[in-house]
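Trainee: Before we start, here is the structure in question, set down as structure tokens.
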Amino acid sequence: MSVIFLLIPLSILFAVAFLVAFIWSVRSGQYEDTTTPSMRVLLDEKVSTKPRSSSDTSPHPNPK
Amino acid sequence: MAAVPIQGVNADWTATSLPPESRTNDQSPAACLHCGTPCGSGGLSHEGRQFCCAGCLSVFELLSENGLADFYQLAERPGLRVAQTTTSDRFAFLDEPAVRARLVDFSDDKLTRVTFHLPAIHCIACVWLLENLFRLRPGVGQSQVNFARKQAAIAFDPARVKLSEVAALLASLGYEPELKLADLDARPANPAARRLWLQLGVAGFAFGNAMFFAITGYFGLDAFTGPQLKAFIGWLNLLLAVPVVAFSAADYYRSAWASLRQRLLNIDVPIAAGIVAIFAQSVWEVASGRGEGYFDSLCGLIFFLLCGRLFQQKTYDRLAFDRDYKSFFPLSVTRLGDSRRGEPQTDSAFRTRHSALEERVSLSQLAVGDHLLLRNGELVPADAKLLAGPALIDYSFVTGESEPVAKQPGDYLYAGGRQMGGAIEVETVKPVSQSYLTLLWNQDAFRKDKAESFNALTNAYSQRFTKIVLVIAVGAAVFWAFVNPAKSLKAFTAVLIVACPCALALAAPFALGSAQRVLGRRNVFLKNPFVLETLAQVDAIVFDKTGTLTAAGAGSVTWQGTPLSEAEERWLYSMTRHSTHPLAVRIGEAIARQHFPQPVRSFLETTGCGMEGQVDGHEIWIGSAAWLESRGVCSSGRESAHSSIQEMEPTDVGCYKDIGTRVHVAVDGRYRGCFVLASALRTDTDALVARLSQNYELALLSGDNERERERFRALFGAGAQLQFNQSPLDKLGFIRRLQHDGKTVMMVGDGLNDAGALKQADVGVAVVESVSAFSPASDIIASAAMVPRLAEVLHYAKQSVATVRAAFLISTVYNIVGISIAASGNLSPVVCAILMPLSSVTVVAFACGMTAWLGRKLSGTPVTDPARIVSPQRNAGPEAGAPQRLETA
């Protein structure tokens, strides 16, 4: 049963890691705005390179 | 009586009160791809797509050239009409070092970061476009949108892009940055919220772990492991509790100390005493090896208290409750070059010269005697004299007056009016800080803070509570000192520990915080939850008339004069169809019936005067009395329409409003009569007044003259005070007199002329048509649609406060049980660990459950997320459609 004297400090260390992560997330401002990120996940990262025009004749001025 | 201005076709569609169906019926069905405005005859076609104006087309071209055409996939017609072409120098004042330094968040050689408030942000496509801003302009870096606050933080390279160019880029896309005088004051960040999150995190961490370890003791695990584990866990929990007591609970000691120094007992005094007592007792127990202490209960208690604090901290970021004139005025104005000052003003000279010499200056640099150019939609920044151009001033913010007022050169213009129509030139007469409008803010009412009554309910209860607990604790100690001296000290601390008014302190924040949310979903926004306490005590209600009880643009249109023949009515209808002026639109709707419009020839609209044209061979003139008179048509029975405006004194800005606005008509040079456009009461106002008058003393204050006294006397009944011709200062004084008579006063108003009264009243309710519109400083911001529901809101406030009282009762029962155990000297950590969280959780559940359940009976459509309420012009369509559109895109 004396292994509990080792396990408890280990579990505390584990929990402290999460506490540190939480403190970091607050400090970096992640709790300032909780609305916009929920919209941002719906947006595609990459931007389409082809113009929306159906008559795709003009070359794109800003090719990647 | 007010003269009737008829304005050119520059009236913005969004600004008129057109119902949506008339938009689609009157216009061709093609809607602009960019902004959704009906294209009409002036529309442009580009590659098979329709645009309403060159501005929208150029935004489309800019976006598609840079690969940002996905904007149009994210939402249906997501764009904003670009109201005016942005000239590069419009934002030049932003590059002034003093202005720039105040606005930017951070700046060095390589990177500058600025946060702009962009009121136009309204949908998911806006977020996307603004966060892709760097693709449109080299030198612009990352940008991040805060949707709820309608802000965009933009980083850019100051060597390649100037601040003014960033602002101009945003404006050219339709996201005009809102730059207000108040922005120049330091904007506080929000460290308080961050600190609370950290405190809560630390307390929650310690609570969870301490409870976990303490359970071993409760279940007698030390029978297997020996006394070492008990001591080990005791020291471990002490270690966990130290940061909680030192950091998380710090605000309670501070508040308790501040309260004691004022010789008061607020709720934080017993809380702080309890925390110290528990901690001291526990440390002594652990150190002396007698037990494991109450650290788990202590951490839990502080955790629950902080949860309550977080709950009551609900703020509506987008709404400003503490606005003063600074948030009303813009940051800069267009000043005309000094060299031409004093020249005779002729219209043509005015037009040719104002292009060359204008410069943008910040408002703080404005001096008396400066000549300013005000374009359509710009504010008069200081009391000024009109020099050139027919002015059409909209005083709706200042006075609640709904119709713009025509002004002639030489007239005095008060600060706060908004120019509608063409550009005008004015000369400032007073400095900004001494203008009529700003004088109001120098009143005492604006200096004192109403926060003193903050949390009064809980504090009143805790006064008695603390005294009783102290008596019981001392009594128990004295009793045990005689019976069993070993138990004396333990009983004393045990009473303090268990009586720690955790549940008591939680009742008000949770009940009122939950009620604040319920009301917020119905577009009634409270400055803080404790406004409800004052709201429940209100016994006198004062209404402003214009804009509050009456709604602009919704009243009846009546014809005065010999009745119109059907043919005449058709001619007038045909004429009004050619104008977008709000008055013409309202008249057109009123006489529409089954008429088909007839062709109108040589139609001409003169801004601020009226319109003329030929229908069916008849010459029709529709416009102000003065305009008709200038053409030799005398309107019989016309009162001096203009004198009342020109002779307006600084004390009675609100007096020029008549019972209704008149529009005069002449056919073939002969006067025919006039339309009277009356302001109408909001729907259900009579029911509201009838219901409120049973329980409250009612009063009506109006800046208008007395013509509608009889109408409101009938509505309010004989007992109510009706005051007309009230200046803003009169209104403030009236509230003060009521308070002097011992009344708790609620003021309901909308305009800046009510600002003093709103601030002075115990509860000031600002009524707004759209939540994002400007409103004066207040305790509550309520959507106009909720005004008829005011009686229910007041009733709900009373119910919420009753809920708090009931929650007090529940926590008292817990305390009686706990204290009787403690006073008998038998309080064990297990009892404490069960009793304390149980009492907290039941009180919180009761408080939130009751207010939510009572809130369900409130009428009014709940909005799911208050952050997403958008102004009526921009309904939720694009947002709601966005996710579905994404799948197909």
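Here's how to read the names in the structure tokens: chain A, B, ... by the order shown, residue numbers from 1 in each chain, ligand numbers from 1 in the order shown.
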Skipping near chain neighbours, those fewer than 6 positions away, what residues fall within 8 Å of Leu19 of chain A using only C-alpha atoms, listed as a ChimeraX atom specification?

Mentor: /B:201-202,205

Trainee: So which residues touch Trp257 of chain B within 12 Å, counting only C-alpha atoms, skipping near sequence neighbours fewer than 6 positions away, as a ChimeraX atom specification?

Mentor: /B:250-251,263-273

Trainee: Could you save those same residues with N, CA and C atoms as a PDB file, in the first residue's frame?

Mentor:
```
ATOM      1  N   ALA B 250      -8.166  36.304  -2.509  1.00  0.00           N
ATOM      2  CA  ALA B 250      -7.588  37.597  -2.121  1.00  0.00           C
ATOM      3  C   ALA B 250      -8.610  38.737  -2.175  1.00  0.00           C
ATOM      4  N   ASP B 251      -9.487  38.694  -3.182  1.00  0.00           N
ATOM      5  CA  ASP B 251     -10.437  39.800  -3.334  1.00  0.00           C
ATOM      6  C   ASP B 251     -11.398  39.905  -2.156  1.00  0.00           C
ATOM      7  N   ARG B 263     -16.637  50.997   8.661  1.00  0.00           N
ATOM      8  CA  ARG B 263     -17.491  50.574   9.766  1.00  0.00           C
ATOM      9  C   ARG B 263     -18.798  49.973   9.260  1.00  0.00           C
ATOM     10  N   LEU B 264     -18.660  49.151   8.223  1.00  0.00           N
ATOM     11  CA  LEU B 264     -19.827  48.450   7.686  1.00  0.00           C
ATOM     12  C   LEU B 264     -19.545  46.956   7.713  1.00  0.00           C
ATOM     13  N   LEU B 265     -20.612  46.180   7.675  1.00  0.00           N
ATOM     14  CA  LEU B 265     -20.447  44.734   7.568  1.00  0.00           C
ATOM     15  C   LEU B 265     -21.064  44.301   6.249  1.00  0.00           C
ATOM     16  N   ASN B 266     -20.264  44.170   5.200  1.00  0.00           N
ATOM     17  CA  ASN B 266     -20.850  43.629   3.972  1.00  0.00           C
ATOM     18  C   ASN B 266     -20.687  42.117   3.990  1.00  0.00           C
ATOM     19  N   ILE B 267     -21.172  41.483   2.962  1.00  0.00           N
ATOM     20  CA  ILE B 267     -21.204  40.019   2.938  1.00  0.00           C
ATOM     21  C   ILE B 267     -19.797  39.423   2.963  1.00  0.00           C
ATOM     22  N   ASP B 268     -18.809  40.203   2.492  1.00  0.00           N
ATOM     23  CA  ASP B 268     -17.463  39.660   2.415  1.00  0.00           C
ATOM     24  C   ASP B 268     -16.783  39.566   3.778  1.00  0.00           C
ATOM     25  N   VAL B 269     -17.303  40.286   4.772  1.00  0.00           N
ATOM     26  CA  VAL B 269     -16.689  40.221   6.109  1.00  0.00           C
ATOM     27  C   VAL B 269     -16.856  38.818   6.719  1.00  0.00           C
ATOM     28  N   PRO B 270     -18.087  38.304   6.825  1.00  0.00           N
ATOM     29  CA  PRO B 270     -18.197  36.935   7.344  1.00  0.00           C
ATOM     30  C   PRO B 270     -17.510  35.900   6.460  1.00  0.00           C
ATOM     31  N   ILE B 271     -17.490  36.120   5.155  1.00  0.00           N
ATOM     32  CA  ILE B 271     -16.801  35.167   4.271  1.00  0.00           C
ATOM     33  C   ILE B 271     -15.318  35.146   4.596  1.00  0.00           C
ATOM     34  N   ALA B 272     -14.708  36.337   4.656  1.00  0.00           N
ATOM     35  CA  ALA B 272     -13.277  36.406   4.954  1.00  0.00           C
ATOM     36  C   ALA B 272     -12.993  35.821   6.339  1.00  0.00           C
ATOM     37  N   ALA B 273     -13.851  36.142   7.325  1.00  0.00           N
ATOM     38  CA  ALA B 273     -13.662  35.611   8.675  1.00  0.00           C
ATOM     39  C   ALA B 273     -13.747  34.091   8.655  1.00  0.00           C
TER      40      ALA B 273
END
```

Trainee: What residues in chain B have any atom no more than 8 Å from chain A when counting only C-alpha atoms, and can you write them as a list in words?

Mentor: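 For chain B, the answer reads Glu47, Ser64, Glu65, Asn66, Gly67, Leu68, Ala69, Asp70, Ile124, Val127, Trp128, Val145, Asn146, Phe147, Ala148, Arg194, Trp197, Leu198, Gly201, Val202, Phe205, Asn209, Phe224, Thr225, Leu229, Ala867, Pro883 and Leu886 of chain B.
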
Trainee: Include C-alpha atoms and write out the residues we just selected as a short mmCIF file (atom, residue, chain, number, x, y, z; two decimals), in the first residue's frame.

Mentor:
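Below you can see out-v3.cif, which holds the result:
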```
data_model
loop_
_atom_site.label_atom_id
_atom_site.label_comp_id
_atom_site.auth_asym_id
_atom_site.auth_seq_id
_atom_site.Cartn_x
_atom_site.Cartn_y
_atom_site.Cartn_z
CA GLU B 47 -20.12 39.34 -66.47
CA SER B 64 -12.11 38.34 -57.23
CA GLU B 65 -8.78 39.64 -58.53
CA ASN B 66 -7.18 38.65 -55.26
CA GLY B 67 -8.77 35.23 -55.11
CA LEU B 68 -11.25 36.18 -52.43
CA ALA B 69 -14.42 35.49 -54.42
CA ASP B 70 -15.27 32.80 -51.87
CA ILE B 124 -19.43 34.82 -40.99
CA VAL B 127 -14.96 37.41 -40.37
CA TRP B 128 -13.51 35.60 -43.32
CA VAL B 145 -11.80 39.54 -35.70
CA ASN B 146 -13.67 39.59 -32.43
CA PHE B 147 -17.21 39.06 -33.62
CA ALA B 148 -19.00 39.78 -30.36
CA ARG B 194 -8.39 37.18 -16.78
CA TRP B 197 -10.42 32.96 -14.61
CA LEU B 198 -7.01 32.26 -13.08
CA GLY B 201 -8.75 27.66 -12.19
CA VAL B 202 -6.45 27.48 -9.17
CA PHE B 205 -7.69 22.46 -9.24
CA ASN B 209 -7.57 17.16 -5.66
CA PHE B 224 -4.73 -0.15 6.34
CA THR B 225 -1.87 2.25 5.93
CA LEU B 229 -0.99 8.49 5.24
CA ALA B 867 -23.94 38.33 -29.14
CA PRO B 883 -23.31 26.95 -42.58
CA LEU B 886 -20.64 26.18 -46.85
#
```

Trainee: Quick one: pull the distance between atom CA of Met211 of chain B and atom CA of Asn237 of chain B, Å, one decimal.

Mentor: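 Between atom CA of Met211 of chain B and atom CA of Asn237 of chain B the gap is 8.8 Å.
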
Trainee: Would you kindly return, as a list in words, each protein, DNA or RNA residue with an atom no farther than 12 Å from any atom of Arg789 of chain B, considering only C-alpha atoms and excluding same-chain residues fewer than 4 positions away?

Mentor: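 After dropping sequence-adjacent residues, the list is Leu519, Arg522, Asn523, Val524, Arg682, Thr683, Asp684, Thr685, Asp686, Ala687, Leu688, Val689, Arg691, Leu692, Ala782, Ser783, Ala784, Ala785, Val793, Leu794, His795, Tyr796, Lys857, Leu858, Ser859, Gly860 and Thr861 of chain B.
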
Trainee: Would you please give, as number ranges by chain, all residues of segment 667-736 of chain B that DSSP assigns to helix (DSSP H, G or I) based on the backbone?

Mentor: B: 685-695, 706-716, 728-736

Trainee: Write the residues of the selection above to a file with N, CA and C atoms, as a PDB file, in the first residue's frame.

Mentor:
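Okay, result-v7.pdb is ready:
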```pdb
ATOM      1  N   THR B 685     -49.326  50.347 -26.123  1.00  0.00           N
ATOM      2  CA  THR B 685     -48.907  51.323 -25.119  1.00  0.00           C
ATOM      3  C   THR B 685     -50.030  51.579 -24.115  1.00  0.00           C
ATOM      4  N   ASP B 686     -51.280  51.655 -24.608  1.00  0.00           N
ATOM      5  CA  ASP B 686     -52.389  51.932 -23.694  1.00  0.00           C
ATOM      6  C   ASP B 686     -52.548  50.821 -22.664  1.00  0.00           C
ATOM      7  N   ALA B 687     -52.369  49.573 -23.121  1.00  0.00           N
ATOM      8  CA  ALA B 687     -52.454  48.454 -22.180  1.00  0.00           C
ATOM      9  C   ALA B 687     -51.337  48.539 -21.143  1.00  0.00           C
ATOM     10  N   LEU B 688     -50.148  48.924 -21.608  1.00  0.00           N
ATOM     11  CA  LEU B 688     -49.008  49.042 -20.693  1.00  0.00           C
ATOM     12  C   LEU B 688     -49.274  50.104 -19.638  1.00  0.00           C
ATOM     13  N   VAL B 689     -49.714  51.277 -20.109  1.00  0.00           N
ATOM     14  CA  VAL B 689     -49.957  52.387 -19.169  1.00  0.00           C
ATOM     15  C   VAL B 689     -51.061  51.992 -18.191  1.00  0.00           C
ATOM     16  N   ALA B 690     -52.116  51.343 -18.702  1.00  0.00           N
ATOM     17  CA  ALA B 690     -53.210  50.934 -17.820  1.00  0.00           C
ATOM     18  C   ALA B 690     -52.711  49.982 -16.740  1.00  0.00           C
ATOM     19  N   ARG B 691     -51.854  49.068 -17.135  1.00  0.00           N
ATOM     20  CA  ARG B 691     -51.374  48.080 -16.175  1.00  0.00           C
ATOM     21  C   ARG B 691     -50.416  48.700 -15.158  1.00  0.00           C
ATOM     22  N   LEU B 692     -49.549  49.571 -15.672  1.00  0.00           N
ATOM     23  CA  LEU B 692     -48.562  50.174 -14.770  1.00  0.00           C
ATOM     24  C   LEU B 692     -49.201  51.143 -13.790  1.00  0.00           C
ATOM     25  N   SER B 693     -50.265  51.846 -14.231  1.00  0.00           N
ATOM     26  CA  SER B 693     -50.835  52.893 -13.379  1.00  0.00           C
ATOM     27  C   SER B 693     -51.499  52.307 -12.136  1.00  0.00           C
ATOM     28  N   GLN B 694     -51.753  50.995 -12.138  1.00  0.00           N
ATOM     29  CA  GLN B 694     -52.321  50.387 -10.934  1.00  0.00           C
ATOM     30  C   GLN B 694     -51.320  50.378  -9.788  1.00  0.00           C
ATOM     31  N   ASN B 695     -50.048  50.175 -10.109  1.00  0.00           N
ATOM     32  CA  ASN B 695     -49.054  49.971  -9.058  1.00  0.00           C
ATOM     33  C   ASN B 695     -47.988  51.059  -8.974  1.00  0.00           C
ATOM     34  N   GLU B 706     -47.553  71.483 -26.119  1.00  0.00           N
ATOM     35  CA  GLU B 706     -48.652  70.866 -25.383  1.00  0.00           C
ATOM     36  C   GLU B 706     -49.790  70.345 -26.257  1.00  0.00           C
ATOM     37  N   ARG B 707     -49.633  70.357 -27.550  1.00  0.00           N
ATOM     38  CA  ARG B 707     -50.778  70.034 -28.399  1.00  0.00           C
ATOM     39  C   ARG B 707     -51.333  68.652 -28.143  1.00  0.00           C
ATOM     40  N   GLU B 708     -50.500  67.747 -27.712  1.00  0.00           N
ATOM     41  CA  GLU B 708     -50.990  66.383 -27.508  1.00  0.00           C
ATOM     42  C   GLU B 708     -51.343  66.110 -26.048  1.00  0.00           C
ATOM     43  N   ARG B 709     -51.456  67.185 -25.243  1.00  0.00           N
ATOM     44  CA  ARG B 709     -51.734  66.999 -23.822  1.00  0.00           C
ATOM     45  C   ARG B 709     -53.016  66.195 -23.591  1.00  0.00           C
ATOM     46  N   GLU B 710     -54.083  66.546 -24.323  1.00  0.00           N
ATOM     47  CA  GLU B 710     -55.378  65.881 -24.089  1.00  0.00           C
ATOM     48  C   GLU B 710     -55.289  64.383 -24.387  1.00  0.00           C
ATOM     49  N   ARG B 711     -54.591  64.102 -25.488  1.00  0.00           N
ATOM     50  CA  ARG B 711     -54.454  62.711 -25.896  1.00  0.00           C
ATOM     51  C   ARG B 711     -53.746  61.898 -24.803  1.00  0.00           C
ATOM     52  N   PHE B 712     -52.700  62.485 -24.225  1.00  0.00           N
ATOM     53  CA  PHE B 712     -51.959  61.745 -23.214  1.00  0.00           C
ATOM     54  C   PHE B 712     -52.629  61.791 -21.852  1.00  0.00           C
ATOM     55  N   ARG B 713     -53.414  62.868 -21.620  1.00  0.00           N
ATOM     56  CA  ARG B 713     -54.190  62.923 -20.382  1.00  0.00           C
ATOM     57  C   ARG B 713     -55.180  61.756 -20.363  1.00  0.00           C
ATOM     58  N   ALA B 714     -55.823  61.514 -21.489  1.00  0.00           N
ATOM     59  CA  ALA B 714     -56.772  60.408 -21.588  1.00  0.00           C
ATOM     60  C   ALA B 714     -56.060  59.076 -21.370  1.00  0.00           C
ATOM     61  N   LEU B 715     -54.844  59.003 -21.864  1.00  0.00           N
ATOM     62  CA  LEU B 715     -54.099  57.748 -21.763  1.00  0.00           C
ATOM     63  C   LEU B 715     -53.609  57.505 -20.339  1.00  0.00           C
ATOM     64  N   PHE B 716     -53.072  58.537 -19.716  1.00  0.00           N
ATOM     65  CA  PHE B 716     -52.427  58.368 -18.424  1.00  0.00           C
ATOM     66  C   PHE B 716     -53.393  58.501 -17.245  1.00  0.00           C
ATOM     67  N   PRO B 728     -33.672  69.363 -21.589  1.00  0.00           N
ATOM     68  CA  PRO B 728     -32.959  68.270 -20.919  1.00  0.00           C
ATOM     69  C   PRO B 728     -32.729  68.541 -19.433  1.00  0.00           C
ATOM     70  N   LEU B 729     -32.435  69.801 -19.090  1.00  0.00           N
ATOM     71  CA  LEU B 729     -32.196  70.126 -17.678  1.00  0.00           C
ATOM     72  C   LEU B 729     -33.486  70.056 -16.868  1.00  0.00           C
ATOM     73  N   ASP B 730     -34.612  70.449 -17.474  1.00  0.00           N
ATOM     74  CA  ASP B 730     -35.913  70.328 -16.796  1.00  0.00           C
ATOM     75  C   ASP B 730     -36.196  68.872 -16.459  1.00  0.00           C
ATOM     76  N   LYS B 731     -35.890  68.014 -17.405  1.00  0.00           N
ATOM     77  CA  LYS B 731     -36.155  66.590 -17.202  1.00  0.00           C
ATOM     78  C   LYS B 731     -35.340  66.068 -16.031  1.00  0.00           C
ATOM     79  N   LEU B 732     -34.066  66.466 -16.017  1.00  0.00           N
ATOM     80  CA  LEU B 732     -33.183  66.039 -14.929  1.00  0.00           C
ATOM     81  C   LEU B 732     -33.736  66.533 -13.594  1.00  0.00           C
ATOM     82  N   GLY B 733     -34.169  67.805 -13.573  1.00  0.00           N
ATOM     83  CA  GLY B 733     -34.700  68.386 -12.346  1.00  0.00           C
ATOM     84  C   GLY B 733     -35.965  67.697 -11.880  1.00  0.00           C
ATOM     85  N   PHE B 734     -36.810  67.305 -12.828  1.00  0.00           N
ATOM     86  CA  PHE B 734     -38.063  66.628 -12.493  1.00  0.00           C
ATOM     87  C   PHE B 734     -37.779  65.307 -11.772  1.00  0.00           C
ATOM     88  N   ILE B 735     -36.818  64.566 -12.291  1.00  0.00           N
ATOM     89  CA  ILE B 735     -36.445  63.286 -11.661  1.00  0.00           C
ATOM     90  C   ILE B 735     -35.922  63.547 -10.251  1.00  0.00           C
ATOM     91  N   ARG B 736     -35.103  64.582 -10.132  1.00  0.00           N
ATOM     92  CA  ARG B 736     -34.522  64.922  -8.842  1.00  0.00           C
ATOM     93  C   ARG B 736     -35.607  65.238  -7.825  1.00  0.00           C
TER      94      ARG B 736
END
```

Trainee: Excluding Gly220 of chain B and any residue of its chain fewer than 5 positions from it, enumerate the residues within 12 Å of it, using only C-alpha atoms, and give them as a list in words.

Mentor: Phe213, Ala214, Ile215, Thr225, Gly226, Pro227, Leu229, Lys230 and Val830 of chain B

Trainee: Find the spatial neighbours of segment 370-376 of chain B, counting only C-alpha atoms, within a cut-off of 7 Å - ignore same-chain residues fewer than 3 positions away - and output them as a list of chain:residue names.

Mentor: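 In the requested form, the answer reads B:Thr334, B:Arg335, B:Leu336, B:Leu366, B:Ala367, B:Gln419, B:Met420, B:Gly421, B:Gly422, B:Ala423, B:Ile424, B:Glu425, B:Val426, B:Glu427, B:Thr428.
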